[in-house]
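Structure data follow from entry-v6.cif (mmCIF, C-alpha atoms and all ligand atoms):
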data_input
loop_
_atom_site.label_atom_id
_atom_site.label_comp_id
_atom_site.auth_asym_id
_atom_site.auth_seq_id
_atom_site.Cartn_x
_atom_site.Cartn_y
_atom_site.Cartn_z
CA MET Y 1 47.88 -76.70 29.56
CA ASP Y 2 51.56 -76.14 28.62
CA LEU Y 3 50.90 -76.64 24.91
CA THR Y 4 47.86 -74.37 25.05
CA VAL Y 5 49.83 -71.59 26.70
CA ARG Y 6 52.99 -71.96 24.62
CA HIS Y 7 51.34 -72.23 21.22
CA THR Y 8 47.98 -70.48 21.42
CA TYR Y 9 47.05 -66.92 22.35
CA GLY Y 10 45.06 -66.05 25.44
CA THR Y 11 42.57 -63.36 24.44
CA TRP Y 12 42.43 -59.79 25.78
CA ARG Y 13 45.36 -60.17 28.15
CA TYR Y 14 49.11 -60.09 28.64
CA GLN Y 15 50.28 -63.56 27.68
CA ARG Y 16 52.64 -63.80 30.66
CA GLY Y 17 50.94 -65.32 33.68
CA TRP Y 18 48.12 -67.02 31.72
CA LYS Y 19 47.22 -70.28 33.48
CA PRO Y 20 44.01 -71.51 31.88
CA LEU Y 21 42.10 -74.18 33.72
CA HIS Y 22 41.83 -77.39 31.68
CA ILE Y 23 38.13 -78.14 31.13
CA VAL Y 24 37.20 -81.65 30.06
CA ASP Y 25 33.43 -81.95 30.31
CA ALA Y 26 30.23 -80.00 30.87
CA GLU Y 27 26.58 -80.81 31.46
CA GLY Y 28 23.53 -78.73 32.35
CA CYS Y 29 24.65 -75.70 34.37
CA TYR Y 30 28.02 -77.22 35.32
CA PHE Y 31 31.44 -77.83 33.78
CA LEU Y 32 34.26 -80.06 34.99
CA ASP Y 33 38.02 -79.57 35.11
CA ALA Y 34 40.67 -82.23 34.47
CA ALA Y 35 40.97 -82.90 38.21
CA GLY Y 36 37.26 -83.76 38.31
CA LYS Y 37 36.16 -80.58 40.10
CA LYS Y 38 32.72 -79.29 39.17
CA TYR Y 39 31.86 -75.61 38.65
CA LEU Y 40 28.49 -73.89 38.41
CA ASP Y 41 28.47 -71.82 35.21
CA PHE Y 42 27.03 -68.59 36.62
CA SER Y 43 27.86 -66.52 33.51
CA SER Y 44 27.04 -69.11 30.79
CA GLN Y 45 30.75 -68.93 29.82
CA LEU Y 46 30.58 -65.58 27.96
CA MET Y 47 26.81 -65.14 28.37
CA CYS Y 48 26.32 -67.52 25.48
CA SER Y 49 25.56 -71.04 26.76
CA ASN Y 50 21.92 -70.09 27.28
CA LEU Y 51 20.66 -73.69 26.94
CA GLY Y 52 23.24 -75.08 29.34
CA HIS Y 53 25.76 -77.71 28.31
CA LYS Y 54 25.22 -81.00 26.42
CA ASN Y 55 21.73 -80.30 25.17
CA LYS Y 56 20.91 -83.53 23.37
CA ALA Y 57 18.60 -82.09 20.72
CA VAL Y 58 21.16 -79.51 19.60
CA ILE Y 59 24.00 -82.03 19.54
CA ASP Y 60 21.87 -84.47 17.54
CA ALA Y 61 21.05 -81.72 15.03
CA ILE Y 62 24.76 -81.02 14.50
CA CYS Y 63 25.49 -84.74 14.00
CA LYS Y 64 22.60 -85.15 11.57
CA GLN Y 65 23.66 -82.14 9.52
CA ALA Y 66 27.29 -83.31 9.54
CA LYS Y 67 26.22 -86.63 8.06
CA GLN Y 68 23.87 -85.10 5.51
CA LEU Y 69 25.54 -81.92 4.21
CA PRO Y 70 28.26 -80.37 6.35
CA TYR Y 71 29.19 -77.62 3.91
CA VAL Y 72 28.19 -76.07 0.66
CA SER Y 73 29.05 -72.63 -0.71
CA PRO Y 74 26.77 -69.75 0.33
CA GLY Y 75 25.81 -69.38 -3.32
CA PHE Y 76 23.58 -72.48 -3.00
CA ALA Y 77 20.22 -72.87 -1.28
CA THR Y 78 19.94 -75.44 1.51
CA THR Y 79 17.03 -76.89 3.44
CA VAL Y 80 18.50 -75.85 6.76
CA ARG Y 81 18.92 -72.23 5.57
CA ALA Y 82 15.24 -72.13 4.64
CA GLU Y 83 14.20 -73.77 7.93
CA LEU Y 84 16.15 -71.31 10.05
CA SER Y 85 14.84 -68.34 8.05
CA LYS Y 86 11.28 -69.53 8.68
CA SER Y 87 11.89 -69.75 12.45
CA LEU Y 88 13.60 -66.36 12.56
CA LEU Y 89 10.68 -64.69 10.78
CA LYS Y 90 8.41 -65.86 13.60
CA LEU Y 91 10.70 -64.76 16.45
CA LEU Y 92 12.54 -61.62 15.46
CA PRO Y 93 10.99 -58.20 16.04
CA GLU Y 94 8.43 -57.52 13.31
CA GLY Y 95 9.79 -56.12 10.08
CA LEU Y 96 13.15 -57.90 10.10
CA GLU Y 97 12.89 -60.10 7.07
CA LYS Y 98 16.20 -60.64 5.35
CA PHE Y 99 19.18 -62.39 6.87
CA PHE Y 100 22.94 -62.57 6.52
CA PHE Y 101 24.67 -65.32 8.50
CA THR Y 102 28.18 -65.01 9.90
CA THR Y 103 30.27 -67.03 12.32
CA SER Y 104 30.54 -64.44 15.12
CA GLY Y 105 28.99 -61.38 16.70
CA THR Y 106 31.71 -59.08 15.47
CA GLU Y 107 31.18 -60.16 11.87
CA ALA Y 108 27.44 -59.63 12.27
CA ASN Y 109 28.21 -56.04 13.30
CA GLU Y 110 30.70 -55.56 10.47
CA ALA Y 111 27.93 -56.55 8.07
CA ALA Y 112 25.49 -54.19 9.79
CA ILE Y 113 27.87 -51.23 9.51
CA LYS Y 114 28.59 -51.95 5.86
CA ILE Y 115 24.92 -52.44 4.99
CA ALA Y 116 23.95 -49.22 6.80
CA ARG Y 117 26.59 -47.24 4.93
CA LEU Y 118 25.77 -48.73 1.54
CA PHE Y 119 22.02 -48.31 2.02
CA THR Y 120 22.06 -44.74 3.34
CA GLY Y 121 25.03 -43.51 1.31
CA LYS Y 122 26.14 -41.89 4.57
CA HIS Y 123 29.22 -42.65 6.58
CA LYS Y 124 29.05 -41.92 10.30
CA ILE Y 125 28.06 -44.35 13.02
CA ILE Y 126 26.97 -43.16 16.45
CA SER Y 127 27.94 -45.59 19.18
CA ARG Y 128 28.31 -45.14 22.95
CA TYR Y 129 31.22 -45.23 25.37
CA ARG Y 130 30.00 -48.09 27.51
CA SER Y 131 29.74 -50.58 24.70
CA TYR Y 132 31.40 -53.57 23.12
CA HIS Y 133 30.63 -54.51 19.53
CA GLY Y 134 33.43 -56.93 18.70
CA SER Y 135 37.11 -57.26 17.92
CA THR Y 136 37.41 -56.81 14.14
CA ALA Y 137 38.27 -53.48 12.53
CA GLY Y 138 34.81 -51.91 12.21
CA SER Y 139 33.28 -53.36 15.36
CA ILE Y 140 36.24 -52.47 17.56
CA ALA Y 141 36.22 -48.94 16.16
CA ALA Y 142 32.56 -48.75 17.20
CA THR Y 143 33.38 -50.12 20.66
CA GLY Y 144 33.48 -47.59 23.46
CA ASP Y 145 35.33 -49.53 26.14
CA LEU Y 146 39.04 -49.95 26.78
CA ARG Y 147 39.34 -52.79 24.33
CA ARG Y 148 39.22 -50.14 21.60
CA TRP Y 149 41.91 -48.03 23.22
CA THR Y 150 44.46 -50.84 23.03
CA ALA Y 151 43.47 -51.83 19.49
CA GLU Y 152 43.29 -48.29 18.12
CA PRO Y 153 46.75 -48.19 16.53
CA VAL Y 154 45.60 -50.91 14.13
CA GLY Y 155 41.83 -50.74 14.34
CA LYS Y 156 40.93 -47.13 13.77
CA MET Y 157 38.04 -46.48 11.43
CA ASP Y 158 36.91 -43.05 10.39
CA GLY Y 159 33.43 -41.90 11.11
CA VAL Y 160 32.54 -43.41 14.49
CA ILE Y 161 31.38 -40.90 17.08
CA PHE Y 162 30.39 -41.64 20.64
CA ALA Y 163 27.22 -40.56 22.41
CA PRO Y 164 26.64 -40.34 26.18
CA ASP Y 165 25.46 -43.53 27.87
CA ALA Y 166 21.97 -44.18 29.19
CA ASP Y 167 23.53 -45.02 32.54
CA THR Y 168 21.40 -44.14 35.54
CA TYR Y 169 24.00 -45.11 38.17
CA ARG Y 170 26.83 -43.04 36.70
CA SER Y 171 25.03 -40.65 34.42
CA PRO Y 172 27.30 -38.60 32.16
CA PHE Y 173 24.99 -35.70 33.03
CA GLY Y 174 25.71 -35.99 36.77
CA SER Y 175 24.25 -38.24 39.45
CA ASP Y 176 21.43 -35.87 40.38
CA HIS Y 177 20.16 -35.30 36.86
CA PRO Y 178 16.37 -35.75 37.07
CA ASN Y 179 16.09 -37.68 33.84
CA PRO Y 180 19.34 -39.02 32.41
CA GLY Y 181 17.52 -41.24 29.90
CA ILE Y 182 15.86 -38.30 28.18
CA ALA Y 183 19.06 -36.23 28.30
CA SER Y 184 21.11 -39.05 26.68
CA ALA Y 185 18.55 -39.54 23.93
CA GLU Y 186 18.24 -35.80 23.25
CA TYR Y 187 22.00 -35.55 22.99
CA ILE Y 188 21.95 -38.09 20.15
CA ASP Y 189 19.52 -35.84 18.29
CA TYR Y 190 21.92 -32.94 18.84
CA MET Y 191 24.86 -35.00 17.56
CA ILE Y 192 23.07 -36.09 14.40
CA LYS Y 193 22.02 -32.54 13.57
CA ASN Y 194 25.48 -31.12 14.13
CA GLU Y 195 27.55 -33.93 12.61
CA GLY Y 196 25.80 -34.51 9.34
CA ASN Y 197 26.30 -37.71 7.34
CA VAL Y 198 25.16 -40.04 10.11
CA ALA Y 199 24.20 -43.44 8.69
CA ALA Y 200 23.21 -45.24 11.87
CA ILE Y 201 22.97 -45.34 15.63
CA MET Y 202 24.40 -48.61 16.88
CA LEU Y 203 23.64 -49.69 20.43
CA GLU Y 204 23.21 -52.60 22.78
CA PRO Y 205 19.59 -52.21 23.96
CA VAL Y 206 20.75 -53.54 27.33
CA VAL Y 207 24.50 -52.97 27.60
CA GLY Y 208 26.21 -56.29 28.37
CA THR Y 209 29.83 -56.65 29.46
CA ASN Y 210 30.04 -53.00 30.36
CA GLY Y 211 27.68 -53.40 33.25
CA VAL Y 212 24.20 -54.64 32.28
CA LEU Y 213 22.89 -51.10 31.87
CA VAL Y 214 19.13 -51.26 31.51
CA PRO Y 215 18.00 -47.97 29.95
CA PRO Y 216 15.26 -45.86 31.50
CA LYS Y 217 11.92 -46.67 29.88
CA GLU Y 218 11.71 -43.60 27.66
CA TYR Y 219 15.20 -43.95 26.21
CA LEU Y 220 14.89 -46.50 23.40
CA PRO Y 221 11.49 -45.31 22.10
CA MET Y 222 12.97 -41.80 22.00
CA VAL Y 223 16.08 -42.95 20.15
CA ARG Y 224 13.85 -44.77 17.65
CA GLU Y 225 11.88 -41.58 17.06
CA ILE Y 226 15.05 -39.48 16.72
CA ALA Y 227 16.46 -41.95 14.20
CA ASP Y 228 13.25 -41.77 12.14
CA LYS Y 229 13.03 -38.00 12.21
CA ASN Y 230 16.63 -37.63 11.08
CA ASP Y 231 16.56 -40.40 8.50
CA VAL Y 232 19.14 -42.45 10.36
CA LEU Y 233 19.06 -46.24 10.85
CA LEU Y 234 18.86 -47.90 14.25
CA ILE Y 235 21.09 -50.97 14.66
CA ALA Y 236 20.34 -53.06 17.77
CA ASP Y 237 23.32 -55.19 18.79
CA GLU Y 238 21.63 -58.13 20.53
CA VAL Y 239 24.64 -60.40 20.42
CA MET Y 240 24.45 -60.79 24.19
CA SER Y 241 21.00 -59.49 25.09
CA GLY Y 242 19.09 -61.68 22.61
CA TRP Y 243 17.63 -65.16 22.99
CA GLY Y 244 15.80 -64.86 26.27
CA ARG Y 245 18.66 -63.42 28.28
CA THR Y 246 16.54 -60.43 29.38
CA GLY Y 247 13.26 -62.34 29.69
CA GLU Y 248 12.13 -61.48 26.14
CA TRP Y 249 13.28 -63.08 22.91
CA PHE Y 250 15.08 -59.81 22.21
CA ALA Y 251 15.72 -56.93 24.59
CA VAL Y 252 14.15 -54.32 22.26
CA ASN Y 253 10.80 -56.08 22.82
CA HIS Y 254 10.68 -54.69 26.37
CA TRP Y 255 10.18 -51.24 24.89
CA LYS Y 256 8.37 -52.32 21.69
CA VAL Y 257 11.13 -50.82 19.60
CA LYS Y 258 11.73 -52.13 16.09
CA PRO Y 259 15.28 -51.68 14.82
CA ASP Y 260 16.17 -51.38 11.14
CA ILE Y 261 18.98 -53.86 11.61
CA LEU Y 262 19.37 -56.38 14.43
CA THR Y 263 22.57 -58.31 15.00
CA THR Y 264 22.90 -61.34 17.21
CA ALA Y 265 25.10 -64.41 17.86
CA LYS Y 266 25.87 -66.32 21.10
CA GLY Y 267 22.47 -67.67 22.24
CA ILE Y 268 21.25 -68.22 18.66
CA THR Y 269 22.80 -71.70 18.88
CA GLY Y 270 23.33 -71.65 22.66
CA ALA Y 271 27.04 -71.52 21.66
CA TYR Y 272 26.98 -75.07 20.26
CA ALA Y 273 28.32 -73.70 16.97
CA PRO Y 274 29.66 -70.28 16.01
CA LEU Y 275 26.83 -68.43 14.30
CA GLY Y 276 26.08 -64.73 13.96
CA LEU Y 277 23.12 -63.06 12.28
CA THR Y 278 22.50 -59.67 10.68
CA ALA Y 279 18.77 -59.18 10.11
CA THR Y 280 17.44 -56.25 8.08
CA THR Y 281 14.08 -54.80 7.10
CA ARG Y 282 12.45 -55.42 3.75
CA GLU Y 283 13.15 -51.81 2.78
CA ILE Y 284 16.90 -52.36 3.17
CA ALA Y 285 16.63 -55.74 1.44
CA ASP Y 286 14.83 -54.16 -1.51
CA TYR Y 287 17.60 -51.60 -1.96
CA PHE Y 288 20.04 -54.39 -2.71
CA GLU Y 289 17.81 -55.84 -5.43
CA ASP Y 290 19.44 -53.40 -7.81
CA HIS Y 291 22.51 -52.36 -5.87
CA TYR Y 292 25.52 -54.61 -5.46
CA PHE Y 293 25.55 -56.39 -2.06
CA ALA Y 294 29.27 -56.00 -1.45
CA HIS Y 295 29.73 -58.51 1.36
CA GLY Y 296 30.26 -62.24 1.98
CA HIS Y 297 32.22 -65.01 3.70
CA THR Y 298 33.24 -68.55 2.69
CA TYR Y 299 31.33 -69.74 5.76
CA GLU Y 300 28.25 -67.54 5.31
CA ALA Y 301 25.20 -69.69 6.06
CA HIS Y 302 27.44 -72.67 6.90
CA PRO Y 303 25.01 -75.59 7.33
CA LEU Y 304 26.79 -76.88 10.44
CA THR Y 305 26.15 -73.53 12.16
CA LEU Y 306 22.53 -73.24 11.00
CA ALA Y 307 21.32 -76.70 12.05
CA PRO Y 308 22.05 -76.14 15.77
CA ALA Y 309 20.22 -72.80 15.58
CA VAL Y 310 17.07 -74.50 14.29
CA ALA Y 311 17.33 -77.04 17.10
CA ALA Y 312 18.17 -74.41 19.73
CA ILE Y 313 15.07 -72.38 18.85
CA LYS Y 314 12.93 -75.51 19.25
CA GLU Y 315 14.52 -76.04 22.68
CA TYR Y 316 13.87 -72.44 23.78
CA LEU Y 317 10.21 -73.04 22.85
CA ARG Y 318 9.88 -76.57 24.25
CA LEU Y 319 11.36 -75.58 27.61
CA ASP Y 320 9.55 -72.21 27.66
CA LEU Y 321 12.87 -70.59 28.49
CA ILE Y 322 11.86 -67.00 27.85
CA ALA Y 323 9.19 -67.16 30.55
CA GLU Y 324 11.60 -69.13 32.75
CA ALA Y 325 14.20 -66.36 32.43
CA ARG Y 326 11.60 -63.84 33.60
CA LYS Y 327 10.53 -65.97 36.57
CA LYS Y 328 14.00 -67.04 37.69
CA GLY Y 329 15.32 -63.56 36.99
CA ALA Y 330 12.86 -62.06 39.45
CA TYR Y 331 14.11 -64.48 42.09
CA MET Y 332 17.73 -63.74 41.27
CA GLY Y 333 17.09 -59.98 41.48
CA LYS Y 334 15.55 -60.41 44.92
CA ARG Y 335 18.50 -62.44 46.19
CA LEU Y 336 21.05 -60.00 44.74
CA SER Y 337 19.28 -57.05 46.38
CA GLU Y 338 19.71 -58.84 49.71
CA LEU Y 339 23.46 -58.84 49.06
CA LYS Y 340 23.34 -55.09 48.54
CA GLU Y 341 21.68 -54.67 51.93
CA LYS Y 342 24.30 -56.82 53.58
CA HIS Y 343 27.55 -55.73 51.91
CA GLU Y 344 28.80 -52.17 52.04
CA SER Y 345 31.04 -52.67 48.99
CA VAL Y 346 28.04 -53.32 46.71
CA GLY Y 347 27.28 -49.98 45.07
CA ASP Y 348 24.59 -51.09 42.67
CA VAL Y 349 22.65 -54.18 41.66
CA ARG Y 350 20.84 -53.93 38.36
CA GLY Y 351 19.47 -56.22 35.71
CA ILE Y 352 16.57 -57.68 33.80
CA GLY Y 353 15.60 -61.32 33.20
CA LEU Y 354 18.60 -63.55 33.87
CA PHE Y 355 21.05 -60.74 33.13
CA TRP Y 356 22.49 -58.95 36.17
CA ALA Y 357 25.42 -56.83 37.26
CA VAL Y 358 26.73 -56.37 40.77
CA GLU Y 359 28.84 -53.23 40.82
CA LEU Y 360 31.40 -52.83 43.59
CA VAL Y 361 32.61 -49.48 44.91
CA LYS Y 362 35.14 -48.35 47.47
CA SER Y 363 32.58 -45.92 48.83
CA ARG Y 364 28.85 -45.74 48.18
CA LYS Y 365 29.06 -41.98 48.51
CA THR Y 366 31.78 -41.33 45.93
CA LYS Y 367 31.00 -44.44 43.84
CA GLU Y 368 34.71 -44.90 43.29
CA PRO Y 369 35.24 -48.22 41.47
CA PHE Y 370 37.73 -50.85 42.62
CA THR Y 371 39.12 -51.12 39.10
CA ASN Y 372 39.23 -48.39 36.49
CA PRO Y 373 40.25 -48.95 32.86
CA LYS Y 374 43.86 -47.95 33.57
CA ASP Y 375 44.13 -50.54 36.37
CA LYS Y 376 42.63 -53.14 34.09
CA LEU Y 377 45.18 -52.41 31.36
CA SER Y 378 48.03 -52.66 33.85
CA GLY Y 379 47.37 -56.42 33.97
CA LYS Y 380 47.61 -56.55 37.75
CA ALA Y 381 45.09 -58.78 39.53
CA SER Y 382 42.24 -56.66 40.92
CA VAL Y 383 40.12 -57.20 44.02
CA LEU Y 384 37.43 -58.54 41.69
CA ASP Y 385 39.90 -60.97 40.09
CA ARG Y 386 40.71 -62.25 43.58
CA MET Y 387 37.03 -62.59 44.35
CA ALA Y 388 36.36 -64.49 41.11
CA SER Y 389 39.22 -66.89 42.01
CA GLU Y 390 37.77 -67.33 45.46
CA MET Y 391 34.42 -68.21 43.89
CA MET Y 392 36.12 -70.72 41.59
CA SER Y 393 37.60 -72.39 44.65
CA ARG Y 394 34.03 -72.61 45.95
CA GLY Y 395 32.96 -74.20 42.66
CA VAL Y 396 31.28 -71.19 41.02
CA TYR Y 397 32.40 -69.53 37.77
CA ILE Y 398 31.51 -65.85 37.40
CA LEU Y 399 32.66 -63.21 34.94
CA ASN Y 400 34.11 -59.94 36.17
CA TRP Y 401 34.90 -56.82 34.17
CA LEU Y 402 36.29 -53.59 35.65
CA SER Y 403 34.41 -53.08 38.93
CA HIS Y 404 31.42 -55.35 38.36
CA PHE Y 405 30.40 -58.97 37.99
CA VAL Y 406 28.20 -59.97 35.07
CA ILE Y 407 25.78 -62.72 36.06
CA GLY Y 408 23.99 -64.50 33.24
CA PRO Y 409 23.55 -68.21 33.92
CA PRO Y 410 22.03 -70.73 31.50
CA LEU Y 411 18.28 -70.11 31.26
CA ILE Y 412 17.71 -73.69 32.48
CA ILE Y 413 19.16 -72.85 35.92
CA SER Y 414 17.15 -73.99 38.97
CA ARG Y 415 16.44 -71.99 42.14
CA ASN Y 416 18.83 -74.18 44.09
CA GLU Y 417 21.58 -73.47 41.60
CA ILE Y 418 20.84 -69.74 41.79
CA ASP Y 419 21.17 -70.03 45.57
CA GLN Y 420 24.48 -71.87 45.21
CA GLY Y 421 25.90 -69.09 43.04
CA ILE Y 422 24.61 -66.28 45.23
CA ASP Y 423 25.85 -67.92 48.41
CA ALA Y 424 29.36 -68.11 46.92
CA LEU Y 425 29.14 -64.44 45.88
CA ASP Y 426 27.92 -63.55 49.36
CA GLU Y 427 31.05 -65.16 50.88
CA SER Y 428 33.41 -63.54 48.40
CA LEU Y 429 31.95 -60.07 49.05
CA ASN Y 430 33.64 -60.21 52.46
CA ILE Y 431 36.88 -59.62 50.50
CA SER Y 432 35.71 -56.34 48.92
CA ASP Y 433 33.98 -55.25 52.16
CA LYS Y 434 37.39 -55.30 53.84
CA GLU Y 435 38.73 -52.90 51.18
CA ILE Y 436 36.15 -50.15 51.47
CA GLU Y 437 37.26 -46.71 52.45
C1 LIG Y 501 27.11 -56.87 22.57
C2 LIG Y 501 28.17 -57.62 21.87
N1 LIG Y 501 28.40 -57.39 20.57
C3 LIG Y 501 29.34 -58.06 19.89
C4 LIG Y 501 30.12 -59.00 20.49
C5 LIG Y 501 31.17 -59.75 19.71
O1 LIG Y 501 30.78 -61.06 19.52
P1 LIG Y 501 31.88 -62.17 19.13
O2 LIG Y 501 32.76 -62.31 20.30
O3 LIG Y 501 31.06 -63.40 18.82
O4 LIG Y 501 32.59 -61.66 17.93
C6 LIG Y 501 29.93 -59.29 21.86
C7 LIG Y 501 30.76 -60.27 22.54
O5 LIG Y 501 30.78 -60.41 23.74
C8 LIG Y 501 28.93 -58.57 22.56
O6 LIG Y 501 28.70 -58.79 23.86
#
Could you render the structure from this file as structure tokens?
Amino acid sequence: MDLTVRHTYGTWRYQRGWKPLHIVDAEGCYFLDAAGKKYLDFSSQLMCSNLGHKNKAVIDAICKQAKQLPYVSPGFATTVRAELSKSLLKLLPEGLEKFFFTTSGTEANEAAIKIARLFTGKHKIISRYRSYHGSTAGSIAATGDLRRWTAEPVGKMDGVIFAPDADTYRSPFGSDHPNPGIASAEYIDYMIKNEGNVAAIMLEPVVGTNGVLVPPKEYLPMVREIADKNDVLLIADEVMSGWGRTGEWFAVNHWKVKPDILTTAKGITGAYAPLGLTATTREIADYFEDHYFAHGHTYEAHPLTLAPAVAAIKEYLRLDLIAEARKKGAYMGKRLSELKEKHESVGDVRGIGLFWAVELVKSRKTKEPFTNPKDKLSGKASVLDRMASEMMSRGVYILNWLSHFVIGPPLIISRNEIDQGIDALDESLNISDKEIE
């Protein structure tokens, strides 16, 4: 631990006070620390270990690829690149036919932004405040949350504008607005018409870290229509919401919306290797037949990242994990709603599939959060940080951000394991209940 702390950076935090737990092993829905203590992984690490830990088929695929052809320049064709492309064509929303492979979600979004600008010849990107699109220059500029604020001195990019969120709990149009989904979508239309030069709308179909915001049913179809009418591209960032997390292969499928560009990462390999994907329509692909595709990486289409994706997709299918996420998600939603009944500090429980947020408030009436962005940036431990530590002591790992927990366990989780996680959360909610006003 000492060497890790002294010589490597802890991400998104003040370095002082970082005491990372030393993890030595992981299997199924659990991981183990150096003292031999076992933890239930209730957030799939960073909502990425969708297949759980130590999946044999995926590990074998990595070993096989490593022995056969670990690396070759992206300028060459490989069998594994063709195999993965074939699988993606079957699974991605219809119309997404040409692929660019990266090694992270942020790079997938960088590619999407660049492609959208080159293809449309326009410059502006509409994003939303409650969003995270990644840490590199373009993606962080398109991020709405506080991670952009701190990075802005170095990561400012011209041309990103922010639209109101499709947030029904804290609607930017006021809590009693009769239809915040329609209002948020209509506002995007207004922005495009008044801004000019908008290349794309970039959004998480179900917002992830910023609170698992599931949009009202009319929102995404309306945004799709607005994009079409105004000749603007729709980029769906499914880095977190893809690969069964919401109970569909991709979240856009819930609303039958087809994006022009879809980005993803995380679950594509179940986090066994770092792979990101930018998928575009044939129309965009055709444009680059005779226009220079001004993008690339040394590790684009790296065989060692593609082989686990091929294997992971087979595992999603073999274990029927998309249907499992729907079934188990319904159970999880029921159990979480019980917590809302029982604990006064729970302001909202929302989610879809195996993707849930439990939002804590000091008062249900005012909806005042326990942690606001300014508190978070102060680096002081919040009530939610204390609760997450308490859950760790009970052997359950859960991710917290501002005033909510993000629950997104491996899709292989059993009902008993769901109960274990929820029981620990139930206990820890006594801490926030004591703090309500
Ligand atoms: C929606 C979304 N987009 C992009 C990213 C960035 O992905 P990465 O951390 O792999 O760069 C994340 C990461 O959490 C994400 O949740």
Quiz item: What is the distance between CA of Pro308 in chain Y and CA of Tyr272 in chain Y, in Å to one decimal?
Solution: 6.8 Å
Quiz item: What is the distance, in Å and to one decimal place, between CA of His53 in chain Y and CA of Gly36 in chain Y?
Solution: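 Separating CA of His53 in chain Y from CA of Gly36 in chain Y is a distance of 16.4 Å.
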Exercise. Name the residues, by chain letter and number, that sit within 10 Å of ligand LIG 501 (chain Y) using only C-alpha atoms and all ligand atoms, and give them as a ChimeraX atom specification.
Key: /Y:46-48,102-110,131-136,139-140,143,203-210,236-242,263-266,271,274-276
Quiz prompt | Nearest-residue call for Ile182 in chain Y, choices Y:Pro216, Y:Gly408, Y:Gly196, Y:Pro153, using all atoms listed in the file | solution =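 Going through Y:Pro216, Y:Gly408, Y:Gly196, Y:Pro153 one by one, the smallest distance to Ile182 in chain Y is for Y:Pro216.
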Exercise. Can you work out the spacing between CA of Leu429 in chain Y and CA of Phe31 in chain Y in Å, to one decimal?
Key: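 Separating CA of Leu429 in chain Y from CA of Phe31 in chain Y is a distance of 23.4 Å.
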Self-check item: Shortest interatomic distance to Pro409 in chain Y - which of Y:Arg245, Y:His297, Y:Lys327, Y:Lys374, counting only C-alpha atoms
Solution: Y:Arg245
Practice problem: Would you list the residues near (23.3, -49.5, 32.2) (no more than 8 Å away, in the coordinates of the file, using only C-alpha atoms) as a PyMOL selection string? | Solution: chain Y and resi 165-169+206-207+210-215+350
Go ahead and save the residues from that selection, with C-alpha atoms, as a JSON list (two decimals), in the coordinates of the input.
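result11.json, written as the output of this step:
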[["chain", "number", "residue", "atom", "x", "y", "z"],
["Y", 165, "ASP", "CA", 25.46, -43.53, 27.87],
["Y", 166, "ALA", "CA", 21.97, -44.18, 29.19],
["Y", 167, "ASP", "CA", 23.53, -45.02, 32.54],
["Y", 168, "THR", "CA", 21.40, -44.14, 35.54],
["Y", 169, "TYR", "CA", 24.00, -45.11, 38.17],
["Y", 206, "VAL", "CA", 20.75, -53.54, 27.33],
["Y", 207, "VAL", "CA", 24.50, -52.97, 27.60],
["Y", 210, "ASN", "CA", 30.04, -53.00, 30.36],
["Y", 211, "GLY", "CA", 27.68, -53.40, 33.25],
["Y", 212, "VAL", "CA", 24.20, -54.64, 32.28],
["Y", 213, "LEU", "CA", 22.89, -51.10, 31.87],
["Y", 214, "VAL", "CA", 19.13, -51.26, 31.51],
["Y", 215, "PRO", "CA", 18.00, -47.97, 29.95],
["Y", 350, "ARG", "CA", 20.84, -53.93, 38.36]]
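The smallest atom-to-atom distance between Arg117 in chain Y and any of Y:Phe42, Y:Phe293, Y:Trp255, Y:Tyr14, using all atoms listed in the file, is found for Y:Phe293.
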Nearby residues (only C-alpha atoms) at most 10 Å from Leu425 in chain Y, same-chain spacing under 2 positions excluded, as a compact mmCIF listing (two decimals) with C-alpha atoms, in the coordinates of the input:
# COMPACT_ATOMS: atom_id res chain seq x y z
CA LEU Y 336 21.05 -60.00 44.74
CA LEU Y 339 23.46 -58.84 49.06
CA VAL Y 358 26.73 -56.37 40.77
CA MET Y 387 37.03 -62.59 44.35
CA ALA Y 388 36.36 -64.49 41.11
CA GLU Y 390 37.77 -67.33 45.46
CA MET Y 391 34.42 -68.21 43.89
CA ARG Y 394 34.03 -72.61 45.95
CA VAL Y 396 31.28 -71.19 41.02
CA ILE Y 398 31.51 -65.85 37.40
CA PHE Y 405 30.40 -58.97 37.99
CA ASP Y 419 21.17 -70.03 45.57
CA GLN Y 420 24.48 -71.87 45.21
CA GLY Y 421 25.90 -69.09 43.04
CA ILE Y 422 24.61 -66.28 45.23
CA ASP Y 423 25.85 -67.92 48.41
CA GLU Y 427 31.05 -65.16 50.88
CA SER Y 428 33.41 -63.54 48.40
CA LEU Y 429 31.95 -60.07 49.05
CA ASN Y 430 33.64 -60.21 52.46
Quiz item: So which one's closest to Ile126 in chain Y, Y:Gln68, Y:Leu319, Y:Gly181, Y:Ile188? Using only C-alpha atoms, please.
Solution: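 Comparing Y:Gln68, Y:Leu319, Y:Gly181, Y:Ile188 against Ile126 in chain Y, the winner is Y:Ile188.
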Quiz item: With only C-alpha atoms as the basis for distance, which of Y:Lys434, Y:Lys54, Y:Arg6, Y:Lys256 is at the shortest distance from Tyr219 in chain Y?
Solution: Y:Lys256
Quiz prompt | Surrounding residues of Asn50 in chain Y excluding itself and chain neighbours under 2 positions, 7 Å, all atoms listed in the file, as a ChimeraX atom specification | solution = /Y:44,48,52,267,270,410-411
Could the residues in this selection be written to a file with C-alpha atoms, as a compact mmCIF listing (two decimals), keeping the file's coordinate frame?
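File written: result-v7.txt
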# COMPACT_ATOMS: atom_id res chain seq x y z
CA SER Y 44 27.04 -69.11 30.79
CA CYS Y 48 26.32 -67.52 25.48
CA GLY Y 52 23.24 -75.08 29.34
CA GLY Y 267 22.47 -67.67 22.24
CA GLY Y 270 23.33 -71.65 22.66
CA PRO Y 410 22.03 -70.73 31.50
CA LEU Y 411 18.28 -70.11 31.26
